[in-house]
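Worksheet for the structure shown next.
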Amino acid sequence: MDNDVRELYQEVILDHGKNPRNFRQPEDANFEAQGNNPLCGDRLTVYLKVDEDRVIRDAAFEGRGCAISMASASMMTQIVSGKTVSQVQYLFDKFHKLCTGEIEEFPQDEFAHDVDKLRVMSGVRQFPMRVKCATLSWHTMNAAVAGDSETSTE
Amino acid sequence: MDATLSNIDLQRSHYDVDAIRAEFPILASEINGYPLAFLDSGASAQKPECVLRRMDDVYRRSYANVHRGAYTLSQAATDYYEGARKTVARYINARSDDEIVFTHNVTAAINLVAHSYGRKFLQRGDEVIISQMEHHANIVPWQLLRDEIGIELKVAPIDQKGNLLLDQLAKMFSHKTKLVSLTHVSNVLGTIVPIKKVIDLAHERDIPVLIDGAQGIVHTRVDVQDLDAEFYAFTGHKLYGPSGIGVLYGKKDLLNTMPPYEGGGDMIERVTFEKTTYRDAPARFEAGTPPIVEAAGLAAAIDYVDGIGVENISAHEQELLAYATERLNEVDGITIYGEAQHKAGIISFTLDKVHPHDIGTIIDSRGVSVRAGHHCAQPLMDWFGIAATTRASFGMYNSKQDVDALVDGLKYVKEIFS
């Protein structure tokens with residue numbers, strides 16, 4: 001268990017948790033959504049700038065939450081930037097399955113390089129109560145691109 | 001030293017926490033390779049053998065549906081169920097068993113009052129006063145009533161330490177005030193509210209009072225005749241009894257003026273398709289098959305608590321609270337929320353900027369169970385300007401070792417986050 005905790009709270013996650021990247025509200029964002037985890041009261045807003053070719057040009061977020069949710073949101077903003085909406089929806093699906101333990105590994109496809117970073121979040125599998133912390137930002141991003149302004153982990 | 005003090009000392013020296021722990025099978029568990037340090041009794045307490053045995057016995061030997069069954073087993077189950085009502089009535093010193101309504105929990109009890117009493121006696125513009133430190137269970141039912149019939153919800157303030165500001169509360173009373181609904185003990189801050197004073201103040205203006213005793217009954221002796229509140233609600237599972245059973249105490253004459261909340265079997269006098277008449281309380285409020293075995297378990301729990309003495313349990317918890325407060329203050333970066341003059345065995349805190357959920361997960365890996373989050377008291381969290389706290393709450397079985405495990409766990413958290 002000590003090892004599981006250490007794997008979950010590894011350096012990369014602690015770093016992103018303490019110093020989240022893209023923690024801001026871009027002025028030119030054209031998609032945004034608010035995510036709530038009603039069980040713990042955590043909230044965050046994801047902002048996206050999506051161009052006419054459905055490519056995400058900028059991704060950012062603001063909010064409050066635990067180290068896992070902050071780190072996951074921070075890494076997500078880095079990964080989705082430059083990808084198309086359908087690509088990030090595909091990534092969300094795979095990431096979600098990785099966190100819940102539905103799949104063991106990311107498929108070795110064109111995104112293998114990008115998702116190397118995300119693999120560090122997979123330690124959350126050992127803590128079912130914390131999966132929602134890791135996936136809240138992704139659910140919110142997914143809702144934003146789908147045009148839903150609010151989402152919830154419930 | 002006077003006689004009273006030495007008596008208390010004598011009683012305390014007889015408080016054998018190891019013997020009590022031995023009565024709670026779950027406390028022998030290991031969690032993630034560490035001995036369980038269970039510090040979440042404020043959310044739900046663990047159960048002693050006598051409760052587990054009683055419930056098992058009823059299911060094995062005395063189970064059937066209650067009331068109206070003209071056979072031995074139904075009578076046996078009815079005896080357990082109605083016997084539990086007597087036990088509760090005696091424990092809180094109600095005038096009559098008929099003042100004890102079994103519900104499913106405190107939430108259900110407060111909803112019952114909001115729906116039944118609220119709809120009958122409150123109207124648009126009337127005011128219900130609650131406090132800044134209520135659990136959602138004593139906020140949301142009143143908001144639903146507000147949205148439905150247009151009452152106003154007023155919030156009595158507290159100070160930074162978590163004391164209810166009685167003077168300000170008294171100033172809020174007006175001819176529009178139709179109910180004060182107040183927690184006995186804050187589930188976050190541990191504040192023991194001087195409810196007797198509040199009740200007296202309210203009664204000077206003929207304002208009825210409901211007390212949310214979810215935490216209160218666990219830590220203090222409750223005498224409903226002495227308190228004189230119109231309603232007192234509590235739940236079994238925090239009092240070392242089973243989940244699924246709660247109690248609404250209400251003054252008999254008042255209960256009998258209130259319309260039923262849920263309709264169904266067991267609560268009627270006579271049903272025709274044109275008209276139904278209702279039985280008196282408590283039956284009127286107990287539609288359908290009640291929590292039979294849970295009632296029997298609750299009675300066993302109350303007998304157990306009463307055998308040890310809630311005053312002795314409370315003294316033990318006070319000792320733990322003082323020890324925990326001292327030890328937590330040794331940890332750099334700890335902020336304790338709730339320093340009221342009178343506190344029960346509940347201690348809420350934050351640690352640097354580490355989120356309580358991270359703390360919860362990490363110390364669980366060392367066997368320590370605490371609650372992390374908003375504790376169903378988001379308005380209180382907002383008032384303090386925080387999103388969440390970590391909360392340790394003590395039960396009769398906790399020891400100083402549990403507190404030490406908590407402090408060691410927090411040091412481990414700091415190590416990870418350093």
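Each chain in the structure tokens gets a letter, A, B and so on, in the order shown; residues start at 1 in every chain, and ligands are counted from 1 in the order they appear.
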
Practice prompt. For stretch 109-113 of chain A, list every protein, DNA or RNA residue within 12 Å, evaluated using only C-alpha atoms, and leave out those in the same chain fewer than 5 positions away; present the list as number ranges by chain.
Written response: A: 79-80, 83, 87-88, 90-92, 94-95, 118-119

For the residues in that selection, give me N, CA and C atoms as a PDB file, in the first residue's frame.
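Output file again_35.pdb follows:
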ATOM      1  N   ILE A  79      -1.763  18.356 -23.089  1.00  0.00           N
ATOM      2  CA  ILE A  79      -1.879  17.291 -24.082  1.00  0.00           C
ATOM      3  C   ILE A  79      -2.890  17.602 -25.183  1.00  0.00           C
ATOM      4  N   VAL A  80      -4.008  18.257 -24.805  1.00  0.00           N
ATOM      5  CA  VAL A  80      -5.054  18.446 -25.819  1.00  0.00           C
ATOM      6  C   VAL A  80      -4.731  19.595 -26.778  1.00  0.00           C
ATOM      7  N   LYS A  83      -4.576  19.383 -30.765  1.00  0.00           N
ATOM      8  CA  LYS A  83      -5.285  18.200 -31.281  1.00  0.00           C
ATOM      9  C   LYS A  83      -6.703  18.582 -31.709  1.00  0.00           C
ATOM     10  N   GLN A  87      -9.914  13.828 -31.842  1.00  0.00           N
ATOM     11  CA  GLN A  87      -8.737  13.188 -31.238  1.00  0.00           C
ATOM     12  C   GLN A  87      -8.795  13.236 -29.705  1.00  0.00           C
ATOM     13  N   VAL A  88      -9.201  14.372 -29.150  1.00  0.00           N
ATOM     14  CA  VAL A  88      -9.219  14.452 -27.682  1.00  0.00           C
ATOM     15  C   VAL A  88     -10.361  13.620 -27.098  1.00  0.00           C
ATOM     16  N   TYR A  90     -11.244  10.783 -28.356  1.00  0.00           N
ATOM     17  CA  TYR A  90     -10.663   9.443 -28.376  1.00  0.00           C
ATOM     18  C   TYR A  90      -9.718   9.256 -27.189  1.00  0.00           C
ATOM     19  N   LEU A  91      -8.883  10.261 -26.942  1.00  0.00           N
ATOM     20  CA  LEU A  91      -7.946  10.196 -25.811  1.00  0.00           C
ATOM     21  C   LEU A  91      -8.680  10.105 -24.474  1.00  0.00           C
ATOM     22  N   PHE A  92      -9.760  10.875 -24.355  1.00  0.00           N
ATOM     23  CA  PHE A  92     -10.541  10.867 -23.112  1.00  0.00           C
ATOM     24  C   PHE A  92     -11.055   9.456 -22.834  1.00  0.00           C
ATOM     25  N   LYS A  94      -9.875   6.612 -23.841  1.00  0.00           N
ATOM     26  CA  LYS A  94      -8.782   5.703 -23.457  1.00  0.00           C
ATOM     27  C   LYS A  94      -8.275   6.025 -22.042  1.00  0.00           C
ATOM     28  N   PHE A  95      -8.160   7.308 -21.745  1.00  0.00           N
ATOM     29  CA  PHE A  95      -7.676   7.719 -20.427  1.00  0.00           C
ATOM     30  C   PHE A  95      -8.638   7.247 -19.332  1.00  0.00           C
ATOM     31  N   LEU A 118       0.423  10.819 -19.436  1.00  0.00           N
ATOM     32  CA  LEU A 118      -0.825  10.475 -18.741  1.00  0.00           C
ATOM     33  C   LEU A 118      -0.697   9.182 -17.949  1.00  0.00           C
ATOM     34  N   ARG A 119       0.250   8.351 -18.374  1.00  0.00           N
ATOM     35  CA  ARG A 119       0.387   7.052 -17.722  1.00  0.00           C
ATOM     36  C   ARG A 119       0.629   7.208 -16.209  1.00  0.00           C
TER      37      ARG A 119
END

Counting only C-alpha atoms, what are the residues of chain A within 7 Å of chain B, and for each of them which pair of atoms is the nearest and at what distance in Å, to one decimal? Sort the table by chain and rising number, as CSV.
residue,atom,partner,partner_atom,distance
A:Met1,CA,B:Ser365,CA,5.8
A:Asp2,CA,B:Ser365,CA,6.2
A:Val5,CA,B:Ile362,CA,6.4
A:Cys40,CA,B:Gly373,CA,5.3
A:Gly41,CA,B:His374,CA,6.7
A:Gly65,CA,B:His355,CA,6.8
A:Cys66,CA,B:His355,CA,4.8
A:Ala67,CA,B:Asp358,CA,6.7

Discussion item. For the structure I just gave you, how does DSSP split chain A - specifically, which residues are helix (DSSP H, G or I)? Reply as JSON, numbers by chain.
Written reply: {"A": [2, 3, 4, 5, 6, 7, 8, 11, 12, 13, 14, 15, 16, 17, 18, 67, 68, 69, 70, 71, 72, 73, 74, 75, 76, 77, 78, 79, 80, 85, 86, 87, 88, 89, 90, 91, 92, 93, 94, 95, 96, 97, 98, 99, 100, 114, 115, 116, 118, 119, 120, 121, 122, 123, 124, 125, 126, 128, 129, 130, 131, 132, 133, 134, 135, 136, 137, 138, 139, 140, 141, 142, 143, 144, 145, 146]}

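Between atom CA of B:Ile151 and atom CA of B:Ser181 the separation is 13.8 Å.
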
Using only C-alpha atoms, determine which residues lie at most 9 Å from stretch 81-95 of chain B, disregarding the query and same-chain residues fewer than 3 positions distant; provide the list as a short mmCIF file (atom, residue, chain, number, x, y, z; two decimals) with C-alpha atoms, in the first residue's frame.
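Saved the output as result.cif:
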data_model
loop_
_atom_site.label_atom_id
_atom_site.label_comp_id
_atom_site.auth_asym_id
_atom_site.auth_seq_id
_atom_site.Cartn_x
_atom_site.Cartn_y
_atom_site.Cartn_z
CA VAL B 66 -44.84 -6.33 13.21
CA ALA B 76 -42.16 -11.45 19.31
CA ALA B 77 -41.02 -8.99 16.61
CA THR B 78 -43.62 -6.45 17.74
CA ASP B 98 -46.04 7.89 21.93
CA GLU B 99 -43.61 10.78 21.58
CA ILE B 100 -41.06 8.55 19.84
CA VAL B 101 -41.47 8.30 16.06
CA PHE B 102 -39.12 5.90 14.29
CA ILE B 217 -27.05 12.56 21.56
CA ARG B 221 -27.05 13.36 28.12
CA VAL B 222 -30.32 14.38 26.50
CA ASP B 223 -33.36 14.91 28.68
CA VAL B 224 -36.17 16.10 26.45
CA GLN B 225 -38.37 17.18 29.37
CA ASP B 226 -35.60 19.32 30.79
CA VAL B 247 -35.81 8.91 15.91
CA TYR B 249 -39.03 12.92 19.39
CA GLY B 250 -41.97 15.30 19.35
CA LYS B 251 -44.31 16.58 22.04
CA LYS B 252 -47.36 14.37 21.90
CA PRO B 290 -40.73 -0.10 9.70
CA PRO B 291 -37.05 -0.87 10.39
CA ILE B 292 -37.91 -3.67 12.81
CA VAL B 293 -34.57 -5.30 13.41
CA GLU B 294 -32.82 -1.95 13.32
CA ALA B 295 -35.06 -0.79 16.16
CA ALA B 296 -34.05 -3.84 18.18
CA GLY B 297 -30.40 -3.08 17.41
CA LEU B 298 -30.82 0.54 18.44
CA ALA B 299 -32.29 -0.53 21.77
CA ALA B 300 -29.29 -2.78 22.37
CA ILE B 302 -28.71 2.46 23.89
CA ASP B 303 -28.56 -0.09 26.70
CA ASP B 306 -26.22 3.70 29.09
#

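Separating atom CA of A:Val145 from atom CA of A:Gln108 is a distance of 25.3 Å.
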
Worksheet item: DSSP on the backbone: what in chain A comes out strand (DSSP E), as JSON, numbers by chain?
Response: {"A": [31, 32, 33, 34, 35, 36, 37, 42, 43, 44, 45, 46, 47, 48, 49, 50, 56, 57, 58, 59, 60, 61, 62, 63, 64, 150, 151, 152]}

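You can rank B:Asp147, B:Asp280, B:Asp266, B:Asp402 by their closest distance to B:Leu321 using only C-alpha atoms, and at the top of that list sits B:Asp402.
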
Discussion item. Which residues are close to stretch 21-36 of chain A, i.e. within 6 Å by only C-alpha atoms, leaving aside same-chain residues fewer than 2 positions away? Reply as a VMD selection string.
Written reply: chain A and resid 38 42 to 49 60 to 62 74 140 144 149 to 152

Worksheet item: Looking at A:Asn19, A:Phe106, A:Met121, A:Arg6, which one is nearest to A:Thr135, with distances taken over only C-alpha atoms?
Response: A:Met121

Determine, for each residue of stretch 216-256 of chain B having at least one atom at most 12 Å from an atom of stretch 164-179 of chain B, the closest pair of atoms and their separation in Å to one decimal, counting only C-alpha atoms; order by chain and ascending number, as JSON lines.
{"residue": "B:Ala229", "atom": "CA", "partner": "B:Leu179", "partner_atom": "CA", "distance": 10.9}
{"residue": "B:Glu230", "atom": "CA", "partner": "B:Leu179", "partner_atom": "CA", "distance": 9.7}
{"residue": "B:Phe231", "atom": "CA", "partner": "B:Leu179", "partner_atom": "CA", "distance": 10.5}
